[in-house]
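Report on one structure; see the data block that follows.
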Amino acid sequence: MSEANPIENFFFKDKEKIVTGTRVNTIIRGSMKRYLDRRGFLEINPVVISPISDPLNHPVDDPTIDYYGHRYRLTKSMIFHKQLALVHFDKIYSFSPNIRIEPLDRKSTGRHLAEFTQLDLEVKGADRRAVMALAEGMINDSIARVMRYIDGDKLNPDLRKYPRPFRSVKYLEALEEYGEDFEAKMSAEARDPFWIIDIPLQQREFYDREKDDETGILMDMDLIYPHGYGEAISGGEREFEFERILSRIIKKGQRQEDYALLLEASRKGISPSAGFGIGIERFVRFLTGSKNISEVVLFPKEIGKYVL
Ligand code: AMP
Ligand code: MG
């Protein structure tokens with residue numbers, strides 16, 4: 001834990017960077033909201049605490065608070081609430097604050113914070129390709145607006161409207177060609193965003209849907225930014241049937257009782273869906289061509305640091 005004084009750090013922020021970052025943040029939230037509203041989405045309020053949250057696929061502390069005698073978790077993503085929301089709606093999104101006490105080895109990646117915002121969306125009955133197309137259109141639309149309203153010298157010089165559909169590469173093929181560190185290598189080489197699809201089951205959480213024709217491979221995807229900026233989006237089609245969710249929880253070595261509420265909901269009936277989450281601060285980092293995500297966030301929860 002750094003002993004730095006959080007107030008001193010705050011006053012030392014690069015004003016131009018933080019103002020540009022915050023203006024870009026304002027523009028993209030507006031453009032993404034407009035993009036989705038026009039396509040019939042409803043914005044739902046973020047859930048901040050709940051008995052159930054995303055298990056994630058990497059170790060993070062799971063802080064809980066006492067909620068009238070029940071153990072409540074801080075939201076790590078709204079995945080289960082998105083699936084539940086589709087009991088009443090067809091297309092939803094939320095600007096969802098996530099708390100993830102990330103491991104200290106993520107301190108210097110330039111793209112991890114312990115508190116960040118996802119634009120998290122989910123579409124009833126959609127397949128993976130449909131939400132990939134939605135993401136591509138939304139990203140290009142946000143880029144166009146940012147380039148219209150912000151001076152080019154304050155933006156990533158490589159920014160442009162990217163040809164669609166973005167390229168897709170299967171996870172196992174990427175691994176074979178580039179080795180373990182494929183994501184970083186391919187991102188550094190790329191000039192356009194690209195998708196990694198068909199991610200193996202052990203690499204992901206239990207809720208992404210397993211392919212019917214390929215055991216152990218999921219109907220999911222990550223979007224990777226070019227020029228070395230790394231992951232932008234994760235998403236996929238979801239498991240929604242009780243038996244399949246239960247077997248995936250067991251396969252993953254997760255505790256059934258932690259997901260009893262989801263299992264109960266799936267017994268009552270939740271719908272097939274697909275969706276994704278895009279990290280807002282990471283998008284701002286990419287758009288502004290910033291080295292570190294914390295340069296463009298007013299109150300960055302930097303990994304391992306004592307901050308405001
Ligand atoms: P995930 O479902 O874990 O892939 O998270 C969804 C998206 O949120 C990612 O693709 C990133 O854009 C963003 N994200 C995830 N973790 C962090 C983090 N620690 N700091 C900033 N953004 C993050
Ligand atoms: Mg991810």
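Letters for chains follow the order of the structure tokens (A, B, ...), residue numbers begin at 1 for each chain, and ligand numbers begin at 1 in the order shown.
Residue-level DSSP output for stretch 25-85 of chain A, from the backbone, shows strand (DSSP E) at A:Leu42, A:Glu43, A:Ile49, A:Ser50, A:Thr64, A:Ile65, A:Asp66, A:Tyr67, A:His70, A:Arg71, A:Tyr72, A:Arg73, A:Leu74.
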Could those selected residues go to a file with N, CA and C atoms, as a PDB file, in the first residue's frame?
ATOM      1  N   LEU A  42     -34.005   0.038 -22.876  1.00  0.00           N
ATOM      2  CA  LEU A  42     -34.343   0.803 -21.679  1.00  0.00           C
ATOM      3  C   LEU A  42     -33.141   0.835 -20.758  1.00  0.00           C
ATOM      4  N   GLU A  43     -32.914   2.002 -20.173  1.00  0.00           N
ATOM      5  CA  GLU A  43     -31.805   2.117 -19.214  1.00  0.00           C
ATOM      6  C   GLU A  43     -32.311   1.736 -17.824  1.00  0.00           C
ATOM      7  N   ILE A  49     -25.222  -2.964  -4.472  1.00  0.00           N
ATOM      8  CA  ILE A  49     -25.032  -4.061  -3.510  1.00  0.00           C
ATOM      9  C   ILE A  49     -26.145  -5.084  -3.710  1.00  0.00           C
ATOM     10  N   SER A  50     -25.814  -6.339  -3.503  1.00  0.00           N
ATOM     11  CA  SER A  50     -26.794  -7.406  -3.725  1.00  0.00           C
ATOM     12  C   SER A  50     -26.262  -8.692  -3.092  1.00  0.00           C
ATOM     13  N   THR A  64     -17.893  -7.892   1.580  1.00  0.00           N
ATOM     14  CA  THR A  64     -19.336  -7.952   1.806  1.00  0.00           C
ATOM     15  C   THR A  64     -19.721  -6.972   2.910  1.00  0.00           C
ATOM     16  N   ILE A  65     -20.964  -6.579   2.906  1.00  0.00           N
ATOM     17  CA  ILE A  65     -21.458  -5.734   3.999  1.00  0.00           C
ATOM     18  C   ILE A  65     -22.677  -6.407   4.619  1.00  0.00           C
ATOM     19  N   ASP A  66     -22.920  -6.047   5.863  1.00  0.00           N
ATOM     20  CA  ASP A  66     -24.071  -6.612   6.558  1.00  0.00           C
ATOM     21  C   ASP A  66     -25.316  -5.830   6.157  1.00  0.00           C
ATOM     22  N   TYR A  67     -26.269  -6.492   5.561  1.00  0.00           N
ATOM     23  CA  TYR A  67     -27.482  -5.834   5.105  1.00  0.00           C
ATOM     24  C   TYR A  67     -28.655  -6.429   5.884  1.00  0.00           C
ATOM     25  N   HIS A  70     -28.204  -9.962   6.375  1.00  0.00           N
ATOM     26  CA  HIS A  70     -27.806 -10.756   5.207  1.00  0.00           C
ATOM     27  C   HIS A  70     -26.455 -10.269   4.702  1.00  0.00           C
ATOM     28  N   ARG A  71     -25.687 -11.212   4.093  1.00  0.00           N
ATOM     29  CA  ARG A  71     -24.395 -10.846   3.536  1.00  0.00           C
ATOM     30  C   ARG A  71     -24.590 -10.336   2.105  1.00  0.00           C
ATOM     31  N   TYR A  72     -24.276  -9.072   1.894  1.00  0.00           N
ATOM     32  CA  TYR A  72     -24.410  -8.474   0.552  1.00  0.00           C
ATOM     33  C   TYR A  72     -23.042  -8.207  -0.039  1.00  0.00           C
ATOM     34  N   ARG A  73     -22.939  -8.429  -1.340  1.00  0.00           N
ATOM     35  CA  ARG A  73     -21.679  -8.183  -2.043  1.00  0.00           C
ATOM     36  C   ARG A  73     -21.730  -6.846  -2.766  1.00  0.00           C
ATOM     37  N   LEU A  74     -20.552  -6.260  -2.966  1.00  0.00           N
ATOM     38  CA  LEU A  74     -20.458  -5.084  -3.827  1.00  0.00           C
ATOM     39  C   LEU A  74     -20.443  -5.592  -5.271  1.00  0.00           C
TER      40      LEU A  74
END
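For ligand 2, the protein and nucleic acid residues at most 8 Å away, judged by only C-alpha atoms and all ligand atoms, amount to Asp222, Glu231, Ala232, Ile233, Ser234 and Gly235 of chain A.
Our summary of the geometry notes that atom CA of A:Ile217 is positioned 9.7 Å from atom CA of A:Gln203.
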Throw together the list of residues within 8 Å of ligand 1, counting only C-alpha atoms and all ligand atoms, and drop it here as a PyMOL selection string.
-> chain A and resi 56-57+77+100-102+111-118+120+222-223+231-235+276-283+293
Pick from A:Lys76, A:Gly110, A:His81, A:Lys124: nearest to A:Val296, with only C-alpha atoms counted?
-> A:Gly110
Which residues come within 7 Å of stretch 155-166 of chain A, counting only C-alpha atoms, excluding same-chain residues fewer than 4 positions away, as a PyMOL selection string?
-> chain A and resi 140+143-144+192-195+286-289
Next, dump the selected residues to file, keeping only C-alpha atoms, as a compact mmCIF listing (two decimals), in the first residue's frame.
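Saved to part-v3.txt:
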# COMPACT_ATOMS: atom_id res chain seq x y z
CA ASN A 140 -17.87 3.77 -34.46
CA ILE A 143 -15.61 7.70 -32.24
CA ALA A 144 -17.32 9.90 -34.83
CA ASP A 192 -8.21 -2.01 -36.14
CA PRO A 193 -10.22 -3.44 -33.23
CA PHE A 194 -10.74 -7.21 -33.50
CA TRP A 195 -12.72 -9.94 -31.76
CA PHE A 286 -8.11 4.49 -25.93
CA LEU A 287 -9.85 7.53 -27.43
CA THR A 288 -7.43 9.95 -25.80
CA GLY A 289 -4.41 7.73 -26.51
